[in-house]
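Chemist: This is upload05.cif, which holds mmCIF, C-alpha atoms:
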data_my_file
#
loop_
_atom_site.label_atom_id
_atom_site.label_comp_id
_atom_site.auth_asym_id
_atom_site.auth_seq_id
_atom_site.Cartn_x
_atom_site.Cartn_y
_atom_site.Cartn_z
CA MET A 158 8.48 -19.31 -1.48
CA ASP A 159 7.73 -15.69 -0.73
CA SER A 160 4.66 -13.98 -2.12
CA ILE A 161 6.58 -11.32 -3.99
CA SER A 162 5.29 -12.69 -7.26
CA SER A 163 1.96 -11.59 -7.94
CA PRO A 164 0.64 -14.73 -7.57
CA PHE A 165 -1.61 -13.57 -5.22
CA ARG A 166 -3.78 -14.28 -8.27
CA PRO A 167 -5.64 -17.50 -8.96
CA ARG A 168 -6.54 -18.83 -5.56
CA LEU A 169 -7.38 -15.57 -3.85
CA ARG A 170 -10.68 -13.91 -3.23
CA ARG A 171 -11.69 -10.40 -2.46
CA THR A 172 -11.48 -9.35 1.17
CA ARG A 173 -14.79 -8.56 2.80
CA PRO A 174 -14.35 -5.41 4.86
CA ASN A 175 -15.04 -5.41 8.55
CA PRO A 176 -18.53 -3.88 8.85
CA ARG A 177 -17.34 -1.88 11.85
CA SER A 178 -14.61 -0.14 9.89
CA HIS A 179 -14.27 2.06 6.80
CA ARG A 180 -11.20 1.76 4.64
CA LEU A 181 -11.70 5.13 2.99
CA VAL A 182 -13.27 7.68 5.25
CA SER A 183 -14.29 11.28 5.32
CA SER A 184 -15.31 11.84 8.90
CA LEU A 185 -15.89 8.56 10.73
CA ALA A 186 -13.19 7.62 13.20
CA VAL A 187 -12.60 3.87 13.43
CA GLY A 188 -10.10 1.40 14.70
CA LEU A 189 -8.42 3.75 17.16
CA ALA A 190 -5.99 2.23 19.61
CA THR A 191 -6.13 3.26 23.22
CA SER A 192 -4.19 6.34 24.28
CA THR A 193 -1.91 4.15 26.38
CA LEU A 194 -1.07 1.94 23.41
CA ALA A 195 -0.55 4.98 21.19
CA SER A 196 1.91 6.54 23.62
CA LEU A 197 3.83 3.28 24.04
CA THR A 198 4.12 2.64 20.31
CA ALA A 199 5.07 6.25 19.63
CA GLY A 200 7.83 6.03 22.23
CA SER A 201 9.28 2.81 20.86
CA ALA A 202 9.06 4.14 17.31
CA ALA A 203 10.85 7.34 18.22
CA ALA A 204 13.67 5.26 19.67
CA ALA A 205 13.88 3.40 16.35
CA GLY A 206 13.98 6.63 14.32
CA VAL A 207 10.37 6.36 13.11
CA PRO A 208 8.33 9.59 12.99
CA SER A 209 5.64 9.96 15.64
CA ARG A 210 3.45 11.81 13.13
CA VAL A 211 2.89 11.78 9.37
CA GLN A 212 0.56 13.67 7.04
CA ALA A 213 -2.91 13.38 8.54
CA LYS A 214 -4.97 12.88 5.39
CA GLN A 215 -4.42 11.67 1.85
CA GLN A 216 -6.74 12.51 -1.03
CA VAL A 217 -7.32 9.56 -3.33
CA ALA A 218 -8.99 9.22 -6.73
CA VAL A 219 -11.22 6.21 -7.37
CA LEU A 220 -11.26 5.44 -11.08
CA LEU A 221 -14.72 4.95 -12.56
CA THR A 222 -13.25 4.32 -16.02
CA ALA A 223 -9.82 3.45 -17.40
CA HIS A 224 -7.52 6.49 -17.55
CA ARG A 225 -4.52 7.46 -19.64
CA ALA A 226 -1.71 8.86 -17.51
CA HIS A 227 0.33 11.65 -19.11
CA GLN A 228 3.70 13.24 -18.37
CA GLU A 229 2.08 16.69 -18.19
CA PRO A 230 -1.45 17.95 -17.42
CA GLU A 231 -2.26 18.17 -21.12
CA ALA A 232 -4.09 15.71 -23.36
CA GLY A 233 -1.39 16.10 -26.00
CA SER A 234 1.54 15.29 -23.70
CA PRO A 235 3.21 11.85 -23.91
CA GLN A 236 1.24 9.02 -22.36
CA THR A 237 3.10 7.10 -19.65
CA ALA A 238 0.55 4.45 -18.72
CA LEU A 239 -2.98 3.19 -19.24
CA VAL A 240 -4.51 2.56 -15.82
CA ALA A 241 -7.38 0.10 -15.66
CA ALA A 242 -10.50 0.96 -13.70
CA ARG A 243 -10.22 -2.21 -11.60
CA ARG A 244 -7.36 -4.16 -10.07
CA PRO A 245 -6.47 -7.49 -11.71
CA ILE A 246 -6.64 -9.75 -8.65
CA THR A 247 -9.69 -8.72 -6.65
CA GLY A 248 -11.58 -6.60 -9.18
CA GLU A 249 -11.68 -3.72 -6.70
CA GLN A 250 -11.83 -0.25 -8.19
CA THR A 251 -8.42 1.26 -8.80
CA THR A 252 -7.69 3.88 -6.14
CA LEU A 253 -4.71 6.21 -6.57
CA PRO A 254 -3.22 8.73 -4.10
CA VAL A 255 -3.44 12.29 -5.44
CA THR A 256 -0.27 14.39 -5.14
CA GLY A 257 -1.40 17.51 -7.00
CA SER A 258 -4.08 19.09 -9.19
CA LEU A 259 -4.31 21.72 -11.88
CA THR A 260 -7.09 23.25 -13.95
CA GLY A 261 -6.02 24.21 -17.46
CA PRO A 262 -7.14 27.22 -19.51
CA ASP A 263 -9.72 25.00 -21.23
CA GLY A 264 -11.35 24.29 -17.85
CA VAL A 265 -10.21 20.66 -17.71
CA THR A 266 -9.03 19.62 -14.24
CA TRP A 267 -6.06 17.26 -14.02
CA LEU A 268 -4.92 15.18 -11.08
CA GLN A 269 -1.33 14.19 -10.46
CA VAL A 270 -1.50 10.64 -9.07
CA MET A 271 0.83 7.89 -7.93
CA LEU A 272 0.97 5.02 -10.40
CA PRO A 273 1.30 1.27 -9.78
CA GLY A 274 4.15 -0.79 -11.15
CA ARG A 275 7.49 0.05 -12.69
CA PRO A 276 9.23 2.40 -12.48
CA ASN A 277 8.74 2.48 -8.72
CA SER A 278 7.29 5.61 -7.09
CA SER A 279 6.27 7.08 -10.46
CA THR A 280 3.49 9.63 -10.94
CA GLY A 281 1.41 10.83 -13.86
CA TRP A 282 -1.43 13.20 -14.73
CA ILE A 283 -4.97 11.94 -15.33
CA ALA A 284 -8.18 13.81 -16.12
CA GLN A 285 -10.39 14.30 -13.06
CA GLN A 286 -13.45 13.42 -15.12
CA GLY A 287 -14.33 9.79 -14.56
CA THR A 288 -12.97 9.73 -11.00
CA ARG A 289 -14.47 9.98 -7.54
CA GLU A 290 -12.65 11.79 -4.75
CA LEU A 291 -12.23 10.25 -1.32
CA VAL A 292 -9.89 10.68 1.63
CA THR A 293 -8.02 8.08 3.65
CA LEU A 294 -6.71 8.82 7.13
CA TRP A 295 -4.37 5.80 7.19
CA HIS A 296 -0.65 5.72 6.37
CA LEU A 297 1.87 2.89 6.73
CA VAL A 298 5.61 3.43 7.27
CA VAL A 299 7.95 0.44 6.84
CA ASN A 300 11.34 1.00 8.47
CA LEU A 301 13.73 -1.58 7.05
CA SER A 302 16.56 -1.07 9.52
CA ALA A 303 14.18 -1.33 12.47
CA ARG A 304 12.25 -4.10 10.66
CA ARG A 305 8.93 -2.68 11.76
CA VAL A 306 5.70 -1.46 10.18
CA SER A 307 4.29 1.64 11.87
CA VAL A 308 0.58 2.30 11.39
CA TYR A 309 -0.75 5.86 11.46
CA ARG A 310 -4.27 7.21 11.49
CA ASP A 311 -5.10 10.90 11.23
CA GLY A 312 -1.37 11.63 11.46
CA ARG A 313 -0.80 9.81 14.74
CA MET A 314 0.79 6.44 15.31
CA GLN A 315 -1.58 3.68 16.32
CA ARG A 316 0.65 0.59 16.30
CA SER A 317 4.21 -0.51 15.58
CA LEU A 318 4.44 -4.07 14.24
CA GLN A 319 7.54 -6.25 14.09
CA ALA A 320 8.24 -7.61 10.60
CA VAL A 321 10.38 -9.77 8.35
CA VAL A 322 11.85 -7.71 5.48
CA GLY A 323 13.82 -8.47 2.33
CA LYS A 324 17.22 -10.16 2.63
CA PRO A 325 20.31 -8.39 1.21
CA SER A 326 20.17 -10.24 -2.13
CA THR A 327 16.48 -9.42 -2.64
CA PRO A 328 15.92 -6.22 -0.65
CA THR A 329 12.59 -4.56 -0.05
CA PRO A 330 12.53 -1.49 -2.33
CA THR A 331 12.38 1.95 -0.73
CA GLY A 332 10.23 4.89 -1.77
CA GLN A 333 6.67 6.18 -1.76
CA PHE A 334 4.05 3.56 -2.62
CA PHE A 335 0.41 2.69 -1.93
CA VAL A 336 -1.86 -0.29 -1.39
CA GLU A 337 -3.31 -1.54 -4.68
CA GLU A 338 -5.52 -4.30 -3.28
CA THR A 339 -6.37 -5.95 0.04
CA LEU A 340 -6.52 -9.71 -0.37
CA GLN A 341 -7.80 -12.63 1.65
CA MET A 342 -5.72 -15.70 0.89
CA ALA A 343 -7.18 -19.12 0.23
CA GLY A 344 -6.69 -21.69 2.97
CA GLY A 345 -3.13 -22.96 3.10
CA GLU A 346 -1.85 -20.33 0.66
CA ALA A 347 1.75 -19.22 1.33
CA GLY A 348 1.82 -15.75 2.84
CA GLY A 349 -1.71 -15.88 4.24
CA PRO A 350 -4.07 -15.26 5.77
CA PHE A 351 -4.13 -11.75 4.23
CA ALA A 352 -1.98 -9.61 1.95
CA LEU A 353 -1.81 -5.93 1.11
CA ALA A 354 -0.56 -5.89 -2.48
CA LEU A 355 1.53 -2.74 -3.00
CA SER A 356 2.33 -0.58 -6.00
CA ALA A 357 6.02 -1.42 -5.41
CA ARG A 358 7.98 -3.88 -7.55
CA SER A 359 11.22 -5.66 -6.68
CA ASP A 360 14.43 -3.97 -7.82
CA ALA A 361 16.24 -7.34 -7.75
CA LEU A 362 13.66 -9.59 -9.44
CA GLN A 363 11.97 -8.49 -12.65
CA GLU A 364 9.68 -11.48 -12.37
CA PHE A 365 9.00 -14.15 -9.76
CA GLU A 366 7.23 -17.45 -10.49
CA GLY A 367 5.46 -15.94 -13.47
CA GLY A 368 4.47 -12.67 -11.79
CA PRO A 369 5.88 -9.13 -12.06
CA GLY A 370 7.81 -9.21 -8.78
CA GLN A 371 5.10 -7.32 -6.91
CA ILE A 372 5.84 -6.42 -3.30
CA ALA A 373 3.25 -7.02 -0.59
CA ILE A 374 2.77 -6.82 3.16
CA HIS A 375 1.41 -10.21 4.14
CA GLY A 376 1.30 -12.99 6.70
CA ARG A 377 3.71 -15.86 7.35
CA ASN A 378 1.52 -18.91 6.70
CA ASN A 379 3.66 -21.69 5.19
CA LEU A 380 6.59 -19.26 4.95
CA GLY A 381 7.75 -18.67 8.49
CA GLY A 382 10.64 -16.32 9.03
CA THR A 383 11.63 -14.88 12.38
CA LEU A 384 10.11 -11.48 13.08
CA GLY A 385 12.77 -8.81 13.23
CA THR A 386 14.99 -10.41 10.57
CA ALA A 387 15.79 -9.77 6.88
CA ALA A 388 14.89 -13.06 5.20
CA SER A 389 12.23 -12.56 2.50
CA HIS A 390 12.37 -12.19 -1.28
CA GLY A 391 11.42 -8.55 -0.80
CA CYS A 392 7.95 -8.68 0.72
CA VAL A 393 7.19 -7.66 4.29
CA ARG A 394 5.87 -10.47 6.50
CA LEU A 395 3.86 -9.89 9.66
CA ALA A 396 2.49 -12.06 12.45
CA THR A 397 -1.01 -13.41 11.82
CA ALA A 398 -2.64 -11.15 14.41
CA SER A 399 -0.90 -8.10 12.93
CA ILE A 400 -1.90 -8.73 9.30
CA GLU A 401 -5.46 -9.56 10.35
CA TRP A 402 -5.65 -6.24 12.21
CA LEU A 403 -4.33 -4.36 9.16
CA ALA A 404 -6.55 -6.15 6.64
CA ALA A 405 -9.69 -5.09 8.53
CA ARG A 406 -8.68 -1.43 8.22
CA ILE A 407 -6.37 -0.81 5.28
CA GLY A 408 -7.72 -0.67 1.75
CA PRO A 409 -6.77 0.52 -1.74
CA GLY A 410 -5.10 3.92 -2.01
CA THR A 411 -3.54 3.89 1.46
CA PRO A 412 -0.06 5.48 1.19
CA VAL A 413 2.93 3.34 2.18
CA THR A 414 6.36 4.82 2.85
CA ILE A 415 9.24 2.31 2.79
CA ASP A 416 12.34 3.77 4.39
CA GLY A 417 15.77 2.18 4.57
CA GLY A 418 16.30 3.80 7.98
#
If you convert what's in this file into structure tokens, what do you get?

Modeler:
Amino acid sequence: MDSISSPFRPRLRRTRPNPRSHRLVSSLAVGLATSTLASLTAGSAAAAGVPSRVQAKQQVAVLLTAHRAHQEPEAGSPQTALVAARRPITGEQTTLPVTGSLTGPDGVTWLQVMLPGRPNSSTGWIAQQGTRELVTLWHLVVNLSARRVSVYRDGRMQRSLQAVVGKPSTPTPTGQFFVEETLQMAGGEAGGPFALALSARSDALQEFEGGPGQIAIHGRNNLGGTLGTAASHGCVRLATASIEWLAARIGPGTPVTIDGG
């Protein structure tokens, strides 16, 4: 079984952040790799067609209340989604990447944000009121052809991690996504010890074992899979040391680019 279903649900508990790191930061620099490691990973990534740099910072909106997402930055425009203030698995506050903003003639400020769930990579407009602005310096890029996850901080690559990606019949979807929740799995849970539940949903499976076919980056506990192969139901599996390193640093709202390569 792969953890594409959402079933990261009943037996999971909220991840406790590493006290030496900040998932969402404004000025503190944490978790930096050495310059030697950075240059080595950047070189190997360049050879695999992965960018050595990405956008340095991403504004995110933390929802303090539930928000209605609209097609346009107007209260009267069609509603596309109702976004809860907290995520369903961990109870963490919903944190959405901001892709634009606009202040209307009535003085109301609207934020264009990325939305979780189907359709993949969708956006909508929410009122800024009832949100808190933060910035994340982290960005993940999954290259499916290279079968690697490249980790960036402040625009620069920090690590390149070998992965298991979706097999041809259940491919990992491509597009622009974000981390919805960071989860610590219960002992013995398939896909542990940690999972980054993404806003992406499977294009091949509308549901999986009772869940919505949610895509995640997670470990290989009780799943296996050879790193560097395409063998999953759509999720991205990492070695235990790699997912533990990510889970200590990556939190809700972190942008994730999945590229077919």

Chemist: Would you mind telling me which residue in A:Gly233, A:Pro273, A:Pro330, A:Gly418 lies nearest to Leu253 in chain A when using all atoms listed in the file?

Modeler: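 Closest candidate: A:Pro273.
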
Chemist: Between A:Ser234, A:Thr252, A:Thr247, A:Ser317, single out the one closest to Met342 in chain A, counting only C-alpha atoms.

Modeler: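 Checking each candidate against Met342 in chain A, we get A:Thr247 as the closest.
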
Chemist: Need the shell around Ser279 in chain A: protein/DNA/RNA residues with any atom at most 10 Å away, counting only C-alpha atoms. Skip same-chain ones fewer than 5 positions apart. Format as a PyMOL selection string?

Modeler: chain A and resi 237+270-274+332-334+356-357

Chemist: To verify the selection step, state as a ChimeraX atom specification which residues the PyMOL selection byres ((chain A and resi 230) around 6) yields on this input.

Modeler: /A:229,231,267,282

Chemist: Considering all atoms listed in the file, return as a ChimeraX atom specification whatever protein or nucleic-acid residues lie within 12 Å of range 377-381 of chain A, sequence-local ones (same chain, fewer than 5 positions apart) excluded.

Modeler: /A:158-161,320-322,342-352,386,388-390,392-401

Chemist: Nearest to Thr222 in chain A among A:Gln341, A:Ser307, A:Thr414, A:Gln285, with distances taken over all atoms listed in the file: which residue is it?

Modeler: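 Comparing A:Gln341, A:Ser307, A:Thr414, A:Gln285 against Thr222 in chain A, the winner is A:Gln285.
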
Chemist: Once the PyMOL selection byres ((chain A and resi 310) around 9) has been applied to the shown file, what residues remain in the selection, as a list in words?

Modeler: Gly188, Leu189, Val211, Ala213, Lys214, Thr293, Leu294, Trp295, His296, Leu297, Val308, Tyr309, Asp311, Gly312, Arg313, Met314 and Gln315 of chain A

Chemist: Can you write just those residues out, C-alpha atoms, as a compact mmCIF listing (two decimals), in the frame of the given file?

Modeler:
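result-v7.txt was written with the following content:
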# COMPACT_ATOMS: atom_id res chain seq x y z
CA GLY A 188 -10.10 1.40 14.70
CA LEU A 189 -8.42 3.75 17.16
CA VAL A 211 2.89 11.78 9.37
CA ALA A 213 -2.91 13.38 8.54
CA LYS A 214 -4.97 12.88 5.39
CA THR A 293 -8.02 8.08 3.65
CA LEU A 294 -6.71 8.82 7.13
CA TRP A 295 -4.37 5.80 7.19
CA HIS A 296 -0.65 5.72 6.37
CA LEU A 297 1.87 2.89 6.73
CA VAL A 308 0.58 2.30 11.39
CA TYR A 309 -0.75 5.86 11.46
CA ASP A 311 -5.10 10.90 11.23
CA GLY A 312 -1.37 11.63 11.46
CA ARG A 313 -0.80 9.81 14.74
CA MET A 314 0.79 6.44 15.31
CA GLN A 315 -1.58 3.68 16.32

Chemist: Between CA of Ser359 in chain A and CA of Pro276 in chain A, what is the distance, to one decimal in Å?

Modeler: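 Between CA of Ser359 in chain A and CA of Pro276 in chain A the gap is 10.1 Å.
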